[in-house]
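Colleague: As input, take target-v2.cif (mmCIF, C-alpha atoms):
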```cif
data_final
loop_
_atom_site.label_atom_id
_atom_site.label_comp_id
_atom_site.auth_asym_id
_atom_site.auth_seq_id
_atom_site.Cartn_x
_atom_site.Cartn_y
_atom_site.Cartn_z
CA MET A 50 -16.74 4.55 18.39
CA ALA A 51 -17.85 1.53 16.37
CA SER A 52 -21.48 1.57 15.28
CA ARG A 53 -21.88 -2.07 16.35
CA ASP A 54 -20.16 -5.30 17.29
CA LEU A 55 -19.80 -8.13 14.80
CA PRO A 56 -19.89 -11.82 15.75
CA TYR A 57 -16.42 -12.42 14.29
CA PRO A 58 -13.03 -10.69 14.74
CA LEU A 59 -12.03 -7.89 12.38
CA PHE A 60 -8.57 -7.87 10.81
CA ASP A 61 -8.19 -4.62 8.88
CA ALA A 62 -5.74 -5.00 5.98
CA ASP A 63 -5.25 -1.25 5.56
CA ASN A 64 -4.57 1.12 8.45
CA HIS A 65 -2.10 3.99 8.41
CA LEU A 66 0.20 5.79 10.78
CA TYR A 67 1.34 9.37 10.32
CA GLU A 68 5.11 9.80 10.50
CA THR A 69 6.83 12.46 12.60
CA GLN A 70 9.44 14.76 11.09
CA GLU A 71 12.25 12.55 12.39
CA ALA A 72 10.93 9.39 10.71
CA LEU A 73 13.03 9.77 7.58
CA THR A 74 16.00 11.53 9.18
CA LYS A 75 16.71 10.26 12.71
CA TYR A 76 18.72 7.24 11.62
CA LEU A 77 20.25 8.60 8.43
CA PRO A 78 24.04 8.24 8.49
CA GLU A 79 25.84 11.54 8.96
CA GLU A 80 26.97 11.78 5.34
CA TYR A 81 23.32 11.71 4.17
CA LYS A 82 21.91 14.23 6.64
CA GLY A 83 21.04 16.83 4.00
CA VAL A 84 19.20 14.43 1.71
CA ILE A 85 15.84 14.99 3.42
CA GLU A 86 14.98 18.31 5.02
CA TYR A 87 11.90 20.10 6.26
CA VAL A 88 11.85 23.69 5.06
CA ASN A 89 9.62 26.71 5.58
CA VAL A 90 7.90 27.98 2.45
CA ARG A 91 5.77 31.10 2.98
CA GLY A 92 4.89 30.00 6.49
CA ARG A 93 4.18 26.35 5.65
CA THR A 94 6.48 23.42 6.34
CA LYS A 95 7.39 21.38 3.26
CA ILE A 96 9.64 18.40 2.68
CA ALA A 97 12.67 18.74 0.40
CA ILE A 98 14.33 15.73 -1.18
CA ARG A 99 17.92 16.46 -2.24
CA GLY A 100 17.09 20.14 -2.34
CA HIS A 101 13.86 19.79 -4.34
CA ILE A 102 10.67 20.72 -2.54
CA SER A 103 7.93 18.12 -2.93
CA GLU A 104 4.22 18.89 -2.91
CA TYR A 105 3.34 15.17 -2.96
CA ILE A 106 1.82 15.49 0.50
CA PRO A 107 0.74 19.10 1.18
CA ASN A 108 1.32 18.84 4.95
CA PRO A 109 4.20 16.42 5.51
CA THR A 110 4.39 17.16 9.25
CA PHE A 111 0.88 15.70 9.72
CA ASP A 112 0.32 18.11 12.62
CA LYS A 113 -3.01 18.86 10.95
CA VAL A 114 -4.74 16.08 9.01
CA ALA A 115 -8.00 15.50 7.21
CA ARG A 116 -10.74 13.84 9.23
CA PRO A 117 -10.98 10.06 8.85
CA GLY A 118 -13.61 9.28 6.24
CA ALA A 119 -13.91 12.90 5.08
CA MET A 120 -14.42 11.73 1.48
CA GLU A 121 -17.04 9.07 2.22
CA GLU A 122 -19.90 11.09 0.71
CA TYR A 123 -17.72 11.86 -2.32
CA PHE A 124 -17.29 8.15 -3.02
CA ARG A 125 -20.85 7.24 -2.09
CA VAL A 126 -22.83 9.81 -4.07
CA GLY A 127 -20.25 11.61 -6.19
CA ASN A 128 -19.51 15.32 -6.39
CA PRO A 129 -22.37 16.93 -8.35
CA GLU A 130 -21.50 20.42 -7.09
CA GLY A 131 -17.93 20.18 -8.32
CA LYS A 132 -16.35 20.92 -4.94
CA ASP A 133 -12.58 21.11 -4.75
CA ARG A 134 -10.56 18.86 -2.43
CA ARG A 135 -10.39 21.45 0.34
CA GLU A 136 -14.19 21.76 0.38
CA ILE A 137 -14.62 17.98 0.33
CA PHE A 138 -12.16 17.42 3.16
CA GLY A 139 -13.72 20.10 5.32
CA LYS A 140 -12.01 21.44 8.42
CA ALA A 141 -8.78 19.68 9.31
CA MET A 142 -8.21 18.15 12.75
CA ASP A 143 -5.17 18.11 14.99
CA SER A 144 -3.21 14.89 14.75
CA ILE A 145 -3.82 12.75 17.82
CA PRO A 146 -1.49 10.31 19.63
CA ALA A 147 -3.35 7.35 18.14
CA PHE A 148 -2.08 8.38 14.70
CA ARG A 149 1.52 8.54 15.97
CA GLU A 150 1.99 5.78 18.58
CA PRO A 151 0.93 2.12 18.95
CA GLY A 152 -0.35 2.29 22.56
CA PRO A 153 -3.01 4.96 21.93
CA ARG A 154 -3.75 3.35 18.55
CA LEU A 155 -4.59 0.08 20.25
CA GLU A 156 -7.07 1.89 22.47
CA LEU A 157 -8.64 3.50 19.40
CA MET A 158 -8.81 0.12 17.66
CA ASP A 159 -10.74 -1.22 20.65
CA GLU A 160 -13.19 1.66 20.32
CA LEU A 161 -13.54 1.01 16.59
CA GLY A 162 -14.04 -2.73 17.05
CA ILE A 163 -10.87 -3.72 15.17
CA GLN A 164 -8.98 -6.64 16.67
CA ARG A 165 -5.91 -6.60 14.40
CA THR A 166 -4.55 -4.56 11.53
CA LEU A 167 -1.74 -4.09 9.07
CA MET A 168 -0.25 -0.65 9.72
CA PHE A 169 1.25 1.18 6.75
CA PRO A 170 3.37 4.33 6.78
CA THR A 171 2.02 7.31 4.84
CA LEU A 172 4.90 9.60 3.88
CA ALA A 173 7.11 6.65 2.89
CA SER A 174 5.44 6.37 -0.50
CA LEU A 175 7.32 9.38 -1.87
CA ILE A 176 10.85 8.07 -1.27
CA GLU A 177 11.71 5.67 -4.07
CA GLU A 178 10.46 7.64 -7.03
CA ARG A 179 12.31 10.80 -6.01
CA MET A 180 15.59 8.90 -5.64
CA ARG A 181 15.29 6.47 -8.53
CA ASP A 182 18.49 7.73 -10.13
CA ASP A 183 20.44 6.75 -7.00
CA PRO A 184 19.51 3.17 -6.00
CA ALA A 185 22.14 2.99 -3.25
CA LEU A 186 20.60 6.06 -1.62
CA ILE A 187 17.14 4.47 -1.72
CA HIS A 188 18.43 1.52 0.31
CA VAL A 189 20.00 3.84 2.89
CA VAL A 190 16.88 5.98 3.35
CA ILE A 191 14.55 2.97 3.47
CA HIS A 192 16.65 1.32 6.17
CA SER A 193 16.63 4.56 8.13
CA LEU A 194 12.84 4.65 7.94
CA ASN A 195 12.56 1.01 8.99
CA GLN A 196 14.75 1.68 12.02
CA TRP A 197 12.36 4.46 13.05
CA LEU A 198 9.30 2.31 12.41
CA HIS A 199 10.71 -0.47 14.54
CA GLU A 200 11.68 1.87 17.38
CA THR A 201 8.38 3.76 17.38
CA TRP A 202 5.79 1.16 16.40
CA SER A 203 7.60 -2.19 16.37
CA PHE A 204 6.73 -4.59 13.58
CA ASN A 205 4.46 -6.68 15.79
CA TYR A 206 2.79 -4.78 18.60
CA LYS A 207 1.08 -7.20 20.97
CA ASP A 208 0.10 -9.48 18.08
CA ARG A 209 -2.47 -6.88 17.07
CA ILE A 210 -0.69 -4.15 15.10
CA PHE A 211 1.52 -5.48 12.32
CA THR A 212 3.49 -2.51 11.01
CA THR A 213 4.85 -3.09 7.51
CA PRO A 214 8.48 -2.16 6.96
CA VAL A 215 9.42 -1.11 3.44
CA ILE A 216 11.63 -3.25 1.23
CA THR A 217 13.26 -1.69 -1.82
CA LEU A 218 14.73 -3.97 -4.48
CA PRO A 219 17.40 -2.25 -6.64
CA TYR A 220 20.22 -4.34 -5.19
CA VAL A 221 18.99 -7.86 -4.46
CA ASP A 222 21.64 -8.59 -1.84
CA LYS A 223 20.71 -5.44 0.07
CA ALA A 224 17.00 -6.28 -0.24
CA ILE A 225 17.67 -9.71 1.28
CA GLU A 226 19.73 -8.10 4.04
CA GLU A 227 16.88 -5.71 4.83
CA LEU A 228 14.34 -8.54 4.76
CA GLU A 229 16.41 -10.55 7.23
CA TRP A 230 16.76 -7.47 9.46
CA VAL A 231 13.02 -6.81 9.67
CA VAL A 232 12.07 -10.49 10.03
CA GLU A 233 14.48 -10.84 12.96
CA ARG A 234 12.54 -8.01 14.58
CA GLY A 235 9.12 -9.55 14.12
CA ALA A 236 7.89 -8.38 10.71
CA ARG A 237 5.08 -10.54 9.31
CA ALA A 238 4.37 -8.43 6.23
CA VAL A 239 6.50 -6.12 4.09
CA LEU A 240 5.58 -3.23 1.85
CA ILE A 241 6.91 -3.25 -1.72
CA ARG A 242 6.17 -0.48 -4.20
CA PRO A 243 4.14 -1.66 -7.23
CA ALA A 244 6.52 -0.24 -9.80
CA PRO A 245 9.49 -1.17 -11.96
CA VAL A 246 12.61 -1.55 -9.84
CA PRO A 247 15.04 1.34 -10.43
CA GLY A 248 18.65 0.60 -11.30
CA LEU A 249 21.69 2.31 -12.75
CA GLY A 250 21.22 0.38 -15.99
CA GLY A 251 17.52 1.16 -16.20
CA SER A 252 14.38 -0.13 -14.53
CA ARG A 253 13.19 -3.73 -14.65
CA SER A 254 10.44 -6.04 -13.43
CA PHE A 255 10.64 -7.62 -9.99
CA GLY A 256 9.14 -10.72 -11.58
CA LEU A 257 12.38 -11.52 -13.41
CA GLU A 258 14.66 -14.34 -12.29
CA GLU A 259 17.19 -11.78 -11.06
CA PHE A 260 14.97 -11.33 -7.99
CA ASP A 261 14.37 -15.02 -7.28
CA PRO A 262 16.85 -15.12 -4.37
CA PHE A 263 14.79 -12.43 -2.66
CA TRP A 264 11.44 -14.11 -3.29
CA GLU A 265 12.92 -17.39 -2.08
CA LYS A 266 13.73 -15.77 1.26
CA VAL A 267 10.26 -14.20 1.46
CA VAL A 268 8.71 -17.64 1.06
CA GLU A 269 11.16 -19.20 3.50
CA HIS A 270 10.15 -16.70 6.18
CA LYS A 271 6.44 -16.95 5.27
CA VAL A 272 6.20 -13.18 4.94
CA LEU A 273 3.22 -11.53 3.25
CA VAL A 274 4.08 -9.12 0.43
CA ALA A 275 1.83 -6.04 0.41
CA LEU A 276 1.64 -4.04 -2.82
CA HIS A 277 0.18 -0.81 -1.49
CA SER A 278 -0.66 2.18 -3.68
CA SER A 279 2.28 4.54 -3.94
CA ASP A 280 3.98 6.93 -6.30
CA SER A 281 4.87 4.33 -8.91
CA GLY A 282 6.42 6.86 -11.26
CA TYR A 283 3.66 6.80 -13.86
CA SER A 284 3.37 10.57 -13.84
CA ARG A 285 6.29 10.47 -16.26
CA TYR A 286 4.05 8.84 -18.85
CA ALA A 287 1.23 11.32 -18.24
CA ASN A 288 3.74 14.13 -18.61
CA ASP A 289 4.55 12.81 -22.08
CA TRP A 290 0.90 13.40 -23.00
CA GLU A 291 0.36 16.68 -21.17
CA GLY A 292 3.77 18.27 -21.48
CA GLY A 293 5.94 19.60 -18.70
CA ASN A 294 7.49 17.68 -15.85
CA ARG A 295 4.91 17.74 -13.11
CA GLU A 296 5.23 15.79 -9.88
CA TYR A 297 2.59 13.20 -9.02
CA LEU A 298 0.17 14.98 -6.67
CA PRO A 299 -2.45 12.60 -5.26
CA PHE A 300 -4.39 15.40 -3.60
CA LYS A 301 -4.65 17.47 -6.79
CA PRO A 302 -6.49 15.07 -9.09
CA ASN A 303 -6.30 15.38 -12.84
CA VAL A 304 -8.97 13.61 -14.91
CA PHE A 305 -6.58 12.50 -17.65
CA ARG A 306 -4.17 11.01 -15.15
CA MET A 307 -6.97 9.35 -13.20
CA ILE A 308 -8.08 7.39 -16.28
CA GLY A 309 -4.94 5.29 -15.89
CA GLU A 310 -4.87 5.47 -12.09
CA TRP A 311 -4.76 1.71 -11.61
CA ARG A 312 -2.34 0.96 -14.40
CA PRO A 313 0.63 0.62 -12.00
CA ILE A 314 -0.95 -2.16 -9.96
CA GLU A 315 -2.23 -3.96 -13.06
CA ASP A 316 1.29 -3.85 -14.50
CA ALA A 317 2.86 -4.95 -11.20
CA VAL A 318 0.60 -7.99 -10.83
CA SER A 319 0.99 -8.79 -14.53
CA ALA A 320 4.78 -8.67 -14.18
CA LEU A 321 4.76 -11.12 -11.28
CA ILE A 322 2.62 -13.48 -13.35
CA CYS A 323 4.02 -13.05 -16.87
CA HIS A 324 7.66 -12.98 -15.79
CA GLY A 325 7.07 -16.14 -13.81
CA ALA A 326 7.85 -15.19 -10.20
CA LEU A 327 4.53 -16.43 -8.83
CA SER A 328 4.85 -19.70 -10.75
CA ARG A 329 8.41 -20.29 -9.58
CA PHE A 330 7.27 -19.54 -6.02
CA PRO A 331 3.72 -20.89 -5.70
CA ASP A 332 3.73 -20.31 -1.94
CA LEU A 333 4.43 -16.57 -2.32
CA ASN A 334 1.39 -14.63 -1.09
CA VAL A 335 0.70 -11.12 -2.39
CA ALA A 336 -1.85 -8.69 -0.95
CA VAL A 337 -2.92 -5.77 -3.14
CA ILE A 338 -3.88 -2.92 -0.82
CA GLU A 339 -5.59 0.40 -1.57
CA ASN A 340 -5.59 -0.16 -5.30
CA GLY A 341 -9.24 -1.06 -5.68
CA ALA A 342 -10.47 -3.91 -7.85
CA SER A 343 -11.73 -2.31 -11.05
CA TRP A 344 -8.66 -3.57 -12.91
CA VAL A 345 -9.12 -7.22 -11.94
CA GLY A 346 -11.83 -8.23 -14.40
CA PRO A 347 -10.14 -6.69 -17.46
CA LEU A 348 -6.79 -8.22 -16.48
CA ILE A 349 -8.29 -11.69 -16.10
CA LYS A 350 -9.95 -11.32 -19.50
CA THR A 351 -6.64 -10.30 -21.09
CA LEU A 352 -4.67 -13.08 -19.41
CA ARG A 353 -7.24 -15.67 -20.43
CA ASP A 354 -7.09 -14.49 -24.05
CA LEU A 355 -3.28 -14.47 -24.11
CA TYR A 356 -3.06 -17.94 -22.61
CA LYS A 357 -5.49 -19.23 -25.22
CA LYS A 358 -3.27 -17.91 -28.01
CA MET A 359 0.20 -18.31 -26.49
CA PRO A 360 0.18 -20.98 -23.76
CA HIS A 361 3.85 -21.72 -24.46
CA GLN A 362 4.76 -18.23 -23.24
CA PHE A 363 3.53 -18.99 -19.71
CA LEU A 364 4.79 -21.45 -17.10
CA GLU A 365 1.16 -22.29 -16.27
CA ASP A 366 -2.36 -20.90 -16.62
CA PRO A 367 -1.94 -17.22 -15.59
CA VAL A 368 -5.52 -16.83 -14.39
CA GLN A 369 -5.09 -19.75 -12.03
CA VAL A 370 -1.88 -18.16 -10.75
CA LEU A 371 -3.70 -14.93 -9.99
CA ARG A 372 -6.49 -16.77 -8.22
CA ARG A 373 -4.02 -18.86 -6.22
CA GLN A 374 -1.71 -16.16 -4.88
CA VAL A 375 -3.09 -12.64 -5.32
CA HIS A 376 -5.30 -11.30 -2.53
CA ILE A 377 -7.12 -8.01 -3.01
CA SER A 378 -8.53 -5.42 -0.65
CA PRO A 379 -11.20 -3.65 -2.73
CA PHE A 380 -12.55 -0.21 -2.02
CA TRP A 381 -15.67 -0.33 0.13
CA GLU A 382 -17.83 1.13 -2.65
CA GLU A 383 -16.96 -1.70 -5.07
CA ASP A 384 -18.89 -4.93 -5.69
CA MET A 385 -17.36 -7.47 -3.30
CA ALA A 386 -19.61 -10.31 -4.44
CA GLU A 387 -18.44 -9.80 -8.03
CA LEU A 388 -14.80 -9.76 -6.94
CA SER A 389 -15.37 -12.93 -4.93
CA GLU A 390 -16.63 -14.60 -8.09
CA LEU A 391 -13.56 -13.47 -10.02
CA ILE A 392 -10.81 -14.52 -7.61
CA GLY A 393 -12.56 -16.54 -4.90
CA VAL A 394 -13.86 -15.26 -1.57
CA ASP A 395 -10.74 -16.54 0.21
CA ARG A 396 -8.71 -13.89 -1.62
CA VAL A 397 -10.81 -10.83 -0.70
CA LEU A 398 -9.61 -8.64 2.19
CA PHE A 399 -11.33 -5.96 4.26
CA GLY A 400 -9.35 -2.72 4.36
CA SER A 401 -10.69 0.57 5.73
CA ASP A 402 -7.75 2.92 4.93
CA TYR A 403 -8.24 4.42 8.41
CA PRO A 404 -7.57 7.25 9.27
CA HIS A 405 -7.11 8.59 5.74
CA PRO A 406 -9.90 10.80 4.33
CA GLU A 407 -10.52 8.33 1.46
CA GLY A 408 -11.39 5.56 3.90
CA LEU A 409 -14.13 4.89 6.40
CA ALA A 410 -14.61 6.83 9.63
CA ASP A 411 -16.33 3.78 11.13
CA PRO A 412 -14.45 0.79 9.66
CA VAL A 413 -16.98 -1.78 10.81
CA THR A 414 -19.51 -0.35 8.32
CA TYR A 415 -17.47 -2.01 5.56
CA VAL A 416 -19.55 -5.10 6.29
CA ASP A 417 -22.67 -3.27 5.07
CA GLU A 418 -21.21 -3.29 1.57
CA LEU A 419 -20.80 -7.09 1.50
CA LYS A 420 -24.12 -7.58 -0.21
CA GLY A 421 -25.08 -10.98 -1.59
CA LEU A 422 -22.58 -12.85 0.59
CA SER A 423 -23.17 -15.38 3.33
CA GLU A 424 -22.24 -14.73 6.96
CA GLU A 425 -19.46 -17.28 6.60
CA ASP A 426 -18.03 -15.39 3.62
CA LYS A 427 -18.38 -12.07 5.43
CA ALA A 428 -16.36 -13.47 8.32
CA LYS A 429 -13.61 -14.49 5.90
CA ILE A 430 -13.44 -11.08 4.23
CA MET A 431 -13.67 -9.07 7.45
CA GLY A 432 -10.84 -10.91 9.15
CA GLY A 433 -10.45 -14.61 8.55
CA ASN A 434 -8.54 -14.34 5.28
CA MET A 435 -6.06 -11.80 6.63
CA ALA A 436 -5.53 -13.82 9.81
CA ARG A 437 -4.62 -16.86 7.71
CA LEU A 438 -2.12 -14.86 5.65
CA ILE A 439 -0.37 -13.36 8.66
CA ALA A 440 -0.19 -16.75 10.35
CA GLY A 441 1.84 -17.89 7.34
#
```
Give the structure from this file in structure tokens form.

Modeller:
Amino acid sequence: MASRDLPYPLFDADNHLYETQEALTKYLPEEYKGVIEYVNVRGRTKIAIRGHISEYIPNPTFDKVARPGAMEEYFRVGNPEGKDRREIFGKAMDSIPAFREPGPRLELMDELGIQRTLMFPTLASLIEERMRDDPALIHVVIHSLNQWLHETWSFNYKDRIFTTPVITLPYVDKAIEELEWVVERGARAVLIRPAPVPGLGGSRSFGLEEFDPFWEKVVEHKVLVALHSSDSGYSRYANDWEGGNREYLPFKPNVFRMIGEWRPIEDAVSALICHGALSRFPDLNVAVIENGASWVGPLIKTLRDLYKKMPHQFLEDPVQVLRRQVHISPFWEEDMAELSELIGVDRVLFGSDYPHPEGLADPVTYVDELKGLSEEDKAKIMGGNMARLIAG
């Protein structure tokens, strides 16, 4: 239940659904049926990708999940006692229908005081990295997931829940085909992994001209591009420092790896700017979700310095590009007034990460962190800015 009502509508830029076991498999063509399997390992169900068991998400069935907001104290006051993740999360809860279906979720949103939300899948973030050596397979699995998302959640549920289908980019023609498919079915926002695009000839930036036909279609359809935190593949670089070949495990934090935690999103935004995609498509809107904002100030400083020294290497002032087209949903514990100064209050988005443990149990309390801002600016951040983006 929401702690209070606000005098303006809330549009949450970051809500999540929990997939069922059939989400990645129900619509897989017959010849791909063994690519994704759920297997029993010492009494626990795990997900196996092409025969390799992944620990990326410890409980991929989501039958039991951490309580919404379980880590709020961790982010608010720290962890002076050095508790492990299990102690911080506390007792798990049974997954409820509102985490699995749009009807019950709408009822829960009413209780929480949320009028509209972007709805992101959870398990989907493991797909692309674990198949990066087979781009054609990525496209097949992503389309299968999108079919399930559309059947189960729809991409626009009563103009209140906007579920974000995933678009993968290895083959531009297939990406455009997928974009057209989801737009025809009501998608207003799409989820793209903030990472180099895998390909048989090596990875490359989605800011390169090769991808312009795709971005042109995104702009034509007035679709919002959400760069949500994911497995961007940067564990490979950490492995070079630490040795071994460990999988990225978000629920088993490692201090060395966390130092560069936001490097993927900084690189992704930088690629869109430096490789010119945002300048070639000035009406392309990007929303950075669940990646915080600590990287924004340093990136602006770097871009400003580079533009001062090498203006001829840019199509236009890169800082102005960022401020024109990049919208950011900061973590609730960050300084929203400072971010508003950096990129403009019209580019700041409220996102609760509900019902994940890292988010807020009572999303409306996000407004309490908007210190030093006017009521008009609070209304923009808590819903007005996101409403404008979804309206196109």

Colleague: Determine the nearest neighbour of Ala62 (chain A) from the options A:Phe363, A:Tyr105, A:Phe169, A:Phe138, counting all atoms listed in the file.

Modeller: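 The answer is A:Phe169, which sits nearest to Ala62 (chain A).
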
Colleague: Please evaluate the PyMOL selection byres ((chain A and resi 185) around 10) against the displayed coordinates and give the resulting residues as a list in words.

Modeller: Met180, Arg181, Asp182, Asp183, Pro184, Leu186, Ile187, His188, Val189, Val190, Pro219, Tyr220, Lys223, Gly248 and Leu249 of chain A

Colleague: Take the residues from that selection and write them out as a PDB file, in the coordinates of the input, keeping C-alpha atoms.

Modeller:
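Resulting contents of part01.pdb:
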```pdb
ATOM      1  CA  MET A 180      15.590   8.900  -5.640  1.00  0.00           C
ATOM      2  CA  ARG A 181      15.290   6.470  -8.530  1.00  0.00           C
ATOM      3  CA  ASP A 182      18.490   7.730 -10.130  1.00  0.00           C
ATOM      4  CA  ASP A 183      20.440   6.750  -7.000  1.00  0.00           C
ATOM      5  CA  PRO A 184      19.510   3.170  -6.000  1.00  0.00           C
ATOM      6  CA  LEU A 186      20.600   6.060  -1.620  1.00  0.00           C
ATOM      7  CA  ILE A 187      17.140   4.470  -1.720  1.00  0.00           C
ATOM      8  CA  HIS A 188      18.430   1.520   0.310  1.00  0.00           C
ATOM      9  CA  VAL A 189      20.000   3.840   2.890  1.00  0.00           C
ATOM     10  CA  VAL A 190      16.880   5.980   3.350  1.00  0.00           C
ATOM     11  CA  PRO A 219      17.400  -2.250  -6.640  1.00  0.00           C
ATOM     12  CA  TYR A 220      20.220  -4.340  -5.190  1.00  0.00           C
ATOM     13  CA  LYS A 223      20.710  -5.440   0.070  1.00  0.00           C
ATOM     14  CA  GLY A 248      18.650   0.600 -11.300  1.00  0.00           C
ATOM     15  CA  LEU A 249      21.690   2.310 -12.750  1.00  0.00           C
TER      16      LEU A 249
END
```

Colleague: Evaluate the PyMOL selection byres ((chain A and resi 79-89) around 12) on the structure here and hand back the selected residues as a VMD selection string.

Modeller: chain A and resid 69 to 78 90 to 103 108 to 110 175 to 176 179 to 180 183 185 to 190 193 to 194

Colleague: Going by the chain IDs and residue numbers used in this file, which residues fall under the PyMOL selection byres ((chain A and resi 233) around 12)? Write them as a list in words.

Modeller: His199, Ser203, Phe204, Asn205, Glu226, Glu227, Leu228, Glu229, Trp230, Val231, Val232, Arg234, Gly235, Ala236, Arg237, His270 and Val272 of chain A

Colleague: Restricting it to C-alpha atoms, dump the selection as a PDB file, in the frame of the given file.

Modeller:
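Output file part12.pdb follows:
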```pdb
ATOM      1  CA  HIS A 199      10.710  -0.470  14.540  1.00  0.00           C
ATOM      2  CA  SER A 203       7.600  -2.190  16.370  1.00  0.00           C
ATOM      3  CA  PHE A 204       6.730  -4.590  13.580  1.00  0.00           C
ATOM      4  CA  ASN A 205       4.460  -6.680  15.790  1.00  0.00           C
ATOM      5  CA  GLU A 226      19.730  -8.100   4.040  1.00  0.00           C
ATOM      6  CA  GLU A 227      16.880  -5.710   4.830  1.00  0.00           C
ATOM      7  CA  LEU A 228      14.340  -8.540   4.760  1.00  0.00           C
ATOM      8  CA  GLU A 229      16.410 -10.550   7.230  1.00  0.00           C
ATOM      9  CA  TRP A 230      16.760  -7.470   9.460  1.00  0.00           C
ATOM     10  CA  VAL A 231      13.020  -6.810   9.670  1.00  0.00           C
ATOM     11  CA  VAL A 232      12.070 -10.490  10.030  1.00  0.00           C
ATOM     12  CA  ARG A 234      12.540  -8.010  14.580  1.00  0.00           C
ATOM     13  CA  GLY A 235       9.120  -9.550  14.120  1.00  0.00           C
ATOM     14  CA  ALA A 236       7.890  -8.380  10.710  1.00  0.00           C
ATOM     15  CA  ARG A 237       5.080 -10.540   9.310  1.00  0.00           C
ATOM     16  CA  HIS A 270      10.150 -16.700   6.180  1.00  0.00           C
ATOM     17  CA  VAL A 272       6.200 -13.180   4.940  1.00  0.00           C
TER      18      VAL A 272
END
```

Colleague: For each of A:Glu387, A:Asp63, A:Asp208, A:Glu407, take the minimum atom-to-atom distance to Ala115 (chain A), counting only C-alpha atoms, then give the residue where this is smallest.

Modeller: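 Counting only C-alpha atoms, the residue closest to Ala115 (chain A) is A:Glu407.
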
Colleague: Save region 263-299 of chain A of the structure in the block above to a file, with C-alpha atoms included, as an mmCIF file, in the first residue's frame.

Modeller:
```cif
data_model
loop_
_atom_site.group_PDB
_atom_site.id
_atom_site.type_symbol
_atom_site.label_atom_id
_atom_site.label_comp_id
_atom_site.auth_asym_id
_atom_site.auth_seq_id
_atom_site.Cartn_x
_atom_site.Cartn_y
_atom_site.Cartn_z
ATOM 1 C CA PHE A 263 17.431 0.653 -37.705
ATOM 2 C CA TRP A 264 17.617 3.968 -35.863
ATOM 3 C CA GLU A 265 15.754 5.607 -38.738
ATOM 4 C CA LYS A 266 12.854 3.205 -38.192
ATOM 5 C CA VAL A 267 12.936 3.779 -34.431
ATOM 6 C CA VAL A 268 12.556 7.515 -35.017
ATOM 7 C CA GLU A 269 9.885 6.980 -37.659
ATOM 8 C CA HIS A 270 7.794 4.979 -35.184
ATOM 9 C CA LYS A 271 8.562 7.379 -32.305
ATOM 10 C CA VAL A 272 9.695 4.504 -30.115
ATOM 11 C CA LEU A 273 11.644 5.108 -26.913
ATOM 12 C CA VAL A 274 14.937 3.211 -26.629
ATOM 13 C CA ALA A 275 15.586 1.931 -23.099
ATOM 14 C CA LEU A 276 19.165 1.019 -22.202
ATOM 15 C CA HIS A 277 18.547 -1.067 -19.107
ATOM 16 C CA SER A 278 21.313 -2.634 -17.031
ATOM 17 C CA SER A 279 22.137 -6.110 -18.256
ATOM 18 C CA ASP A 280 24.985 -8.542 -18.637
ATOM 19 C CA SER A 281 26.983 -6.403 -21.054
ATOM 20 C CA GLY A 282 29.853 -8.860 -21.233
ATOM 21 C CA TYR A 283 32.335 -6.810 -19.231
ATOM 22 C CA SER A 284 33.121 -9.732 -16.953
ATOM 23 C CA ARG A 285 35.518 -10.779 -19.711
ATOM 24 C CA TYR A 286 37.654 -7.728 -18.976
ATOM 25 C CA ALA A 287 37.542 -8.329 -15.222
ATOM 26 C CA ASN A 288 38.559 -11.924 -15.856
ATOM 27 C CA ASP A 289 41.672 -10.622 -17.600
ATOM 28 C CA TRP A 290 42.631 -8.945 -14.322
ATOM 29 C CA GLU A 291 41.545 -11.669 -11.928
ATOM 30 C CA GLY A 292 42.257 -14.768 -13.963
ATOM 31 C CA GLY A 293 39.876 -17.565 -14.772
ATOM 32 C CA ASN A 294 36.705 -17.400 -16.804
ATOM 33 C CA ARG A 295 33.993 -16.565 -14.327
ATOM 34 C CA GLU A 296 30.428 -15.762 -15.300
ATOM 35 C CA TYR A 297 28.979 -12.368 -14.391
ATOM 36 C CA LEU A 298 27.026 -12.955 -11.170
ATOM 37 C CA PRO A 299 25.089 -9.844 -10.102
#
```
